[in-house]
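Read the structure below first, then the notes.
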Amino acid sequence: LTRVSNVWSSFTFILGVLIVFRTNQAYARFWEGATLLQQVRGEWYNASSSLLAFTSSKAEKREQVRAFERQFICLMSMLYCAGLQTVALVADEKMEIIENKSIDPKALSFLRTGVDRCEVVLQWVQRLIVNAMDAEVVPIAPPVLSRVFQELSRGIVNIHNVRKIAEIPFPFPYTQMLAMMLMFQTLLTPVLTAAFTHSPIWASTLTFFIVEAFWCMNYIASEIEQPFGEDMNDLPIPDMLRDMNKSLLTL
């Protein structure tokens with residue numbers, strides 16, 4: 001029995017190390033995904049704030065400035081929404097954007113049927129800025145305006161970094177190996193506990209807590225390693241979009 005106990009202790013220790021490693025990796029994926037999405041929000045909001053601060057103050061340009069601001073804010077809302085939809089498994093009807101009446105209906109139809117919507121909207125935003133600069137609606141020097149483009153580009157790079165987490169799952173063989181080891185432990189733990197413990201109550205109690213602890217850790221890891229859905233433990237994607245829209249409308 002002593003040899004069996006030593007072998008079983010070694011097996012349990014190895015299983016625990018493997019589960020802790022998976023849980024650490026899952027939490028790292030969860031935290032990195034949340035951090036990158038917040039960085040995207042910060043970059044794109046800062047670009048919006050800087051650009052609108054540079055709009056023309058001339059009286060004869062007032063209507064053009066208002067039209068530019070409405071269209072730009074709408075496009076930035078669409079851009080953040082498209083970025084979130086690139087990585088999130090959330091129904092479209094839950095993703096609310098600022099009204100898009102200023103956008104050409106043909107362009108919206110193309111956006112609904114096309115792919116890479118985030119890249120398309122980003123290009124629209126950049127063209128809108130360039131046209132506004134040519135029309136002196138945003139009368140600033142190109143070197144100063146380049147900061148806005150840099151923040152837009154950093155945002156799209158972060159979106160693609162989030163796609164790395166969303167599209168590349170935790171290695172399947174590792175997950176399957178853990179499942180097999182957990183099943184093996186679940187079957188043999190009651191037998192060994194009953195052999196080493198004379199009390200049925202203690203044997204059942206120890207078996208329950210040992211098995212439950214290992215399975216709970218494994219299920220926690222599987223729950224948080226892909227945080228872009230609609231489960232309770234996933235990131236609040238629709239709320240993040242609503243918060244961005246609120247900030248944009250404040251501008």
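FYI, nothing fancy with the structure tokens labels: chains A, B, ... in order, residues from 1 per chain, ligands from 1 as they appear.
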
*asked:* Please identify the helix (DSSP H, G or I) residues within range 29-241 of chain A (assignment by DSSP from backbone atoms) and present them as an NGL selection string.
replied: :A and (29-53 or 59-87 or 92-94 or 105-113 or 117-134 or 142-167 or 172-196 or 200-224 or 237-241)

If you take only C-alpha atoms and a cut-off of 8 Å, which residues of range 32-128 of chain A touch range 154-157 of chain A, and what are their nearest atom pairs and distances in Å to one decimal, in chain and number order, as a tab-separated table?
residue	atom	partner	partner_atom	distance
A:Gln39	CA	A:Gly155	CA	7.2
A:Val40	CA	A:Gly155	CA	4.5
A:Arg41	CA	A:Gly155	CA	7.6
A:Glu43	CA	A:Gly155	CA	5.7
A:Trp44	CA	A:Gly155	CA	6.3
A:Gly83	CA	A:Ile156	CA	7.8
A:Glu119	CA	A:Ile156	CA	8.0

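Excluding range 120-132 of chain A itself and any same-chain residue fewer than 4 positions from it, the protein and nucleic acid residues within 8 Å of it, counting only C-alpha atoms, are Phe68, Phe72, Leu75, Met76, Met78, Leu79, Ala82, Leu111, Asp116, Glu136, Val137, Val138, Phe149 and Leu152 of chain A.
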
*What lies within 8 Å of Val162 in chain A using only C-alpha atoms, ignoring chain neighbours under 3 positions off, as a VMD selection string?*
chain A and resid 32 to 33 36 to 37 87 158 to 159 165 to 166

_Which residues are near Lys61 in chain A? Cut-off 12 Å, only C-alpha atoms, ignore same chain within fewer than 2 positions. Put them as a list in words._
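Here the answer would be Thr55, Ser56, Ser57, Lys58, Ala59, Glu63, Gln64, Val65, Arg66, Ala67, Phe68, Ala132, Ala135, Glu136, Val137, Val138 and Pro139 of chain A.
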
*Which polymer residues have any atom within 8 Å of an atom of Ala26 in chain A, counting only C-alpha atoms, with same-chain residues fewer than 2 positions away left out, as a list in words?*
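Listed by chain and then number, they are Arg22, Thr23, Asn24, Ala28, Arg29, Phe30, Ala221, Ser222, Ile224, Glu225 and Gln226 of chain A.
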